[in-house]
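Okay, data_7.txt is below, compact mmCIF, C-alpha atoms:
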# COMPACT_ATOMS: atom_id res chain seq x y z
CA MET A 1 10.19 -40.55 -14.15
CA LYS A 2 7.80 -38.25 -16.02
CA GLN A 3 6.79 -36.66 -12.71
CA LEU A 4 10.43 -36.00 -11.81
CA ILE A 5 11.08 -34.36 -15.19
CA THR A 6 7.91 -32.28 -14.83
CA VAL A 7 8.92 -31.12 -11.34
CA LEU A 8 12.45 -30.26 -12.52
CA LEU A 9 11.12 -28.31 -15.51
CA LEU A 10 8.66 -26.44 -13.33
CA GLY A 11 11.41 -25.57 -10.84
CA LEU A 12 13.69 -24.39 -13.65
CA SER A 13 10.88 -22.27 -15.12
CA LEU A 14 10.19 -20.63 -11.78
CA ALA A 15 13.88 -19.95 -11.19
CA MET A 16 14.27 -18.38 -14.61
CA ALA A 17 11.15 -16.24 -14.13
CA SER A 18 12.43 -14.94 -10.80
CA LEU A 19 15.74 -13.88 -12.39
CA GLY A 20 13.90 -11.36 -14.52
CA GLN A 21 12.14 -9.78 -11.54
CA SER A 22 13.69 -6.98 -9.55
CA SER A 23 13.43 -7.13 -5.78
CA ALA A 24 13.55 -3.34 -5.52
CA PRO A 25 10.61 -1.21 -6.59
CA ARG A 26 11.03 1.02 -9.62
CA ALA A 27 12.42 4.47 -8.81
CA GLU A 28 9.21 6.43 -9.39
CA LEU A 29 7.48 4.28 -6.77
CA LEU A 30 10.05 5.14 -4.13
CA ASN A 31 9.62 8.89 -4.51
CA PRO A 32 6.42 9.56 -6.44
CA LYS A 33 5.77 13.10 -7.60
CA THR A 34 2.12 12.35 -8.34
CA VAL A 35 -0.25 9.41 -8.03
CA GLU A 36 1.49 6.34 -9.50
CA ALA A 37 -0.23 3.15 -10.64
CA ILE A 38 1.10 0.08 -8.84
CA SER A 39 0.66 -3.67 -9.32
CA ALA A 40 0.36 -6.23 -6.53
CA ASP A 41 3.97 -7.36 -7.12
CA GLU A 42 5.26 -3.78 -7.00
CA PHE A 43 3.18 -3.17 -3.87
CA ARG A 44 4.82 -6.20 -2.24
CA GLN A 45 8.26 -4.82 -3.18
CA LEU A 46 7.39 -1.37 -1.85
CA ILE A 47 6.30 -2.75 1.51
CA ALA A 48 9.43 -4.90 1.71
CA HIS A 49 11.53 -1.82 0.90
CA HIS A 50 10.19 -0.14 4.06
CA ARG A 51 11.03 -3.03 6.39
CA GLY A 52 12.54 -1.58 9.55
CA LYS A 53 9.94 1.20 9.56
CA VAL A 54 6.40 1.26 10.87
CA VAL A 55 4.14 1.40 7.80
CA LEU A 56 0.56 2.63 7.68
CA VAL A 57 -1.09 1.40 4.48
CA ASN A 58 -4.26 3.33 3.67
CA PHE A 59 -6.78 2.04 1.11
CA TRP A 60 -9.02 4.89 -0.01
CA ALA A 61 -11.08 6.12 -2.97
CA THR A 62 -12.14 9.49 -4.33
CA TRP A 63 -15.84 8.59 -3.95
CA CYS A 64 -15.49 7.48 -0.29
CA ALA A 65 -16.51 10.26 2.12
CA PRO A 66 -14.94 8.66 5.25
CA CYS A 67 -11.71 8.18 3.26
CA ILE A 68 -11.58 11.84 2.32
CA LYS A 69 -12.31 12.88 5.89
CA GLU A 70 -9.36 10.89 7.31
CA ILE A 71 -6.74 11.88 4.72
CA PRO A 72 -5.82 15.13 6.55
CA GLU A 73 -5.38 13.09 9.75
CA ILE A 74 -3.06 10.68 7.95
CA ILE A 75 -1.03 13.55 6.49
CA ARG A 76 -0.74 15.06 9.97
CA LEU A 77 0.41 11.73 11.45
CA GLN A 78 2.98 11.26 8.74
CA GLU A 79 4.45 14.69 9.38
CA LYS A 80 4.52 14.25 13.15
CA TYR A 81 6.00 10.74 13.22
CA LYS A 82 8.14 10.41 10.09
CA GLU A 83 11.33 11.15 12.07
CA ARG A 84 10.44 8.26 14.39
CA GLY A 85 10.11 5.86 11.46
CA LEU A 86 6.48 6.07 10.31
CA ARG A 87 5.88 5.65 6.58
CA VAL A 88 2.50 6.02 4.91
CA ILE A 89 1.61 4.13 1.76
CA ALA A 90 -1.76 5.35 0.52
CA VAL A 91 -3.42 3.42 -2.27
CA SER A 92 -6.45 4.61 -4.20
CA MET A 93 -8.82 1.78 -4.99
CA ASP A 94 -10.48 3.79 -7.76
CA GLU A 95 -10.61 2.09 -11.15
CA PRO A 96 -7.27 2.18 -13.02
CA GLU A 97 -8.81 3.98 -15.99
CA GLU A 98 -9.73 6.85 -13.62
CA LEU A 99 -6.08 7.74 -12.90
CA GLU A 100 -5.68 10.65 -15.33
CA ALA A 101 -9.26 11.90 -15.49
CA ASN A 102 -10.15 11.71 -11.81
CA VAL A 103 -7.58 10.50 -9.25
CA ARG A 104 -4.55 12.66 -10.09
CA PRO A 105 -6.62 15.87 -10.45
CA PHE A 106 -8.50 15.06 -7.22
CA VAL A 107 -5.31 14.60 -5.20
CA ALA A 108 -3.64 17.65 -6.79
CA LYS A 109 -6.61 19.88 -5.95
CA ARG A 110 -7.68 18.55 -2.52
CA PHE A 111 -4.50 17.13 -0.97
CA PRO A 112 -1.41 18.27 -2.92
CA SER A 113 1.02 17.00 -0.24
CA PHE A 114 -0.62 13.56 -0.14
CA VAL A 115 1.53 10.91 -1.78
CA SER A 116 -0.58 8.08 -3.13
CA TYR A 117 -0.60 5.13 -5.46
CA LEU A 118 -3.42 3.66 -7.52
CA CYS A 119 -4.11 -0.07 -7.51
CA LYS A 120 -3.85 -1.14 -11.13
CA GLU A 121 -5.05 -4.68 -10.46
CA SER A 122 -8.57 -5.45 -11.62
CA ASP A 123 -8.76 -7.90 -8.71
CA HIS A 124 -8.55 -5.77 -5.55
CA ASP A 125 -8.51 -8.89 -3.38
CA LYS A 126 -5.30 -10.05 -5.07
CA PHE A 127 -3.77 -6.66 -4.36
CA ALA A 128 -4.93 -6.55 -0.72
CA SER A 129 -3.78 -10.11 -0.11
CA VAL A 130 -0.20 -8.80 -0.19
CA ILE A 131 -1.01 -7.62 3.34
CA ASP A 132 -4.20 -9.36 4.40
CA PRO A 133 -5.94 -12.12 2.42
CA THR A 134 -9.03 -11.64 4.61
CA TRP A 135 -9.59 -7.98 3.61
CA ALA A 136 -13.33 -7.30 3.72
CA GLU A 137 -13.28 -4.72 0.90
CA ILE A 138 -14.28 -1.94 3.29
CA LEU A 139 -13.06 1.57 2.52
CA PRO A 140 -11.24 3.13 4.11
CA THR A 141 -9.09 0.34 5.49
CA ASN A 142 -5.78 1.04 7.17
CA PHE A 143 -3.21 -1.66 7.82
CA LEU A 144 -0.51 -1.02 10.40
CA ILE A 145 2.66 -3.01 9.75
CA ASP A 146 5.43 -3.23 12.33
CA ARG A 147 9.19 -2.92 11.76
CA ASP A 148 9.45 -6.67 11.11
CA GLY A 149 6.92 -6.46 8.27
CA LYS A 150 4.09 -8.08 10.26
CA LEU A 151 0.52 -6.86 10.14
CA LYS A 152 -0.30 -5.64 13.65
CA VAL A 153 -3.59 -3.75 13.37
CA THR A 154 -6.34 -3.32 10.79
CA LEU A 155 -8.47 -0.21 11.16
CA THR A 156 -11.63 -0.10 9.04
CA GLY A 157 -14.03 2.75 8.53
CA GLY A 158 -13.08 6.38 9.03
CA LYS A 159 -10.78 6.89 12.01
CA SER A 160 -9.82 9.98 13.96
CA TYR A 161 -6.32 11.28 14.50
CA GLU A 162 -6.45 10.04 18.10
CA GLU A 163 -7.45 6.52 17.05
CA PHE A 164 -4.60 6.37 14.54
CA GLU A 165 -2.12 7.77 17.05
CA ALA A 166 -3.16 5.25 19.73
CA ALA A 167 -2.47 2.38 17.30
CA ILE A 168 0.78 3.77 15.88
CA THR A 169 2.73 5.14 18.84
CA PRO A 170 3.23 1.80 20.66
CA LEU A 171 5.13 0.56 17.58
CA LEU A 172 7.44 3.57 17.30
CA PRO A 173 10.68 4.07 19.23
Let me see the file written as structure tokens.
Amino acid sequence: MKQLITVLLLGLSLAMASLGQSSAPRAELLNPKTVEAISADEFRQLIAHHRGKVVLVNFWATWCAPCIKEIPEIIRLQEKYKERGLRVIAVSMDEPEELEANVRPFVAKRFPSFVSYLCKESDHDKFASVIDPTWAEILPTNFLIDRDGKLKVTLTGGKSYEEFEAAITPLLP
């Protein structure tokens, strides 16, 4: 009997907790004007919001030379294929306390048209597990998600425009 009551109370607690959560990401995450900090739960909502599109998720950092080298290629891909349904979600894996002092100024100066987020989770594995619980913590890592929200390809290390395009175009109409 005690187990039944415990299970019922746990179920009720979970149901009440989920009522307070929004299934849609907050507005500034849908159309960021600058680099926005994002939690794992918000990241999950953002990816779900783009279901029906092909999504390229790019994990990068300001200190990662291969990351910086591929950002112009990602921007170019986004421009070329956005009308066919490609969406890019770039996430800086720099430390959260670096947002104002380093990440926002870096993006504004080097890549002003690059829309990015900053992982605000101290546990990067928890954040990455939204897409891939086996993430090897390699930067850059790019996850290609199909229109059904399924991870199709993981590209690690710096990639060229041609390598990205070869992975993306088979998923686009």
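Among the candidates A:Phe143, A:Thr34, A:Thr154, A:Glu83, the one nearest to Glu100 of chain A when counting only C-alpha atoms is A:Thr34.
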Open item on the list: Report, in Å to a single decimal, how far apart atom CA of Cys64 of chain A and atom CA of Pro96 of chain A are.
Closed with: 16.1 Å
TODO: Place a sphere of radius 8 Å on (-11.4, -0.8, 5.6) in the file coordinates and name every protein, DNA or RNA residue with an atom inside or on its surface, counting all atoms listed in the file; give the answer as JSON, numbers by chain.
DONE: {"A": [59, 135, 136, 137, 138, 139, 140, 141, 142, 154, 155, 156, 157]}
- [ ] Please measure the separation of atom CA of Arg87 of chain A and atom CA of Ala61 of chain A, giving the value in Å to one decimal.
- [x] 19.5 Å
Task: Distance in Å - atom CA of Cys119 of chain A versus atom CA of Asp94 of chain A - done: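 Answer for the atom CA of Cys119 of chain A to atom CA of Asp94 of chain A separation: 7.5 Å.
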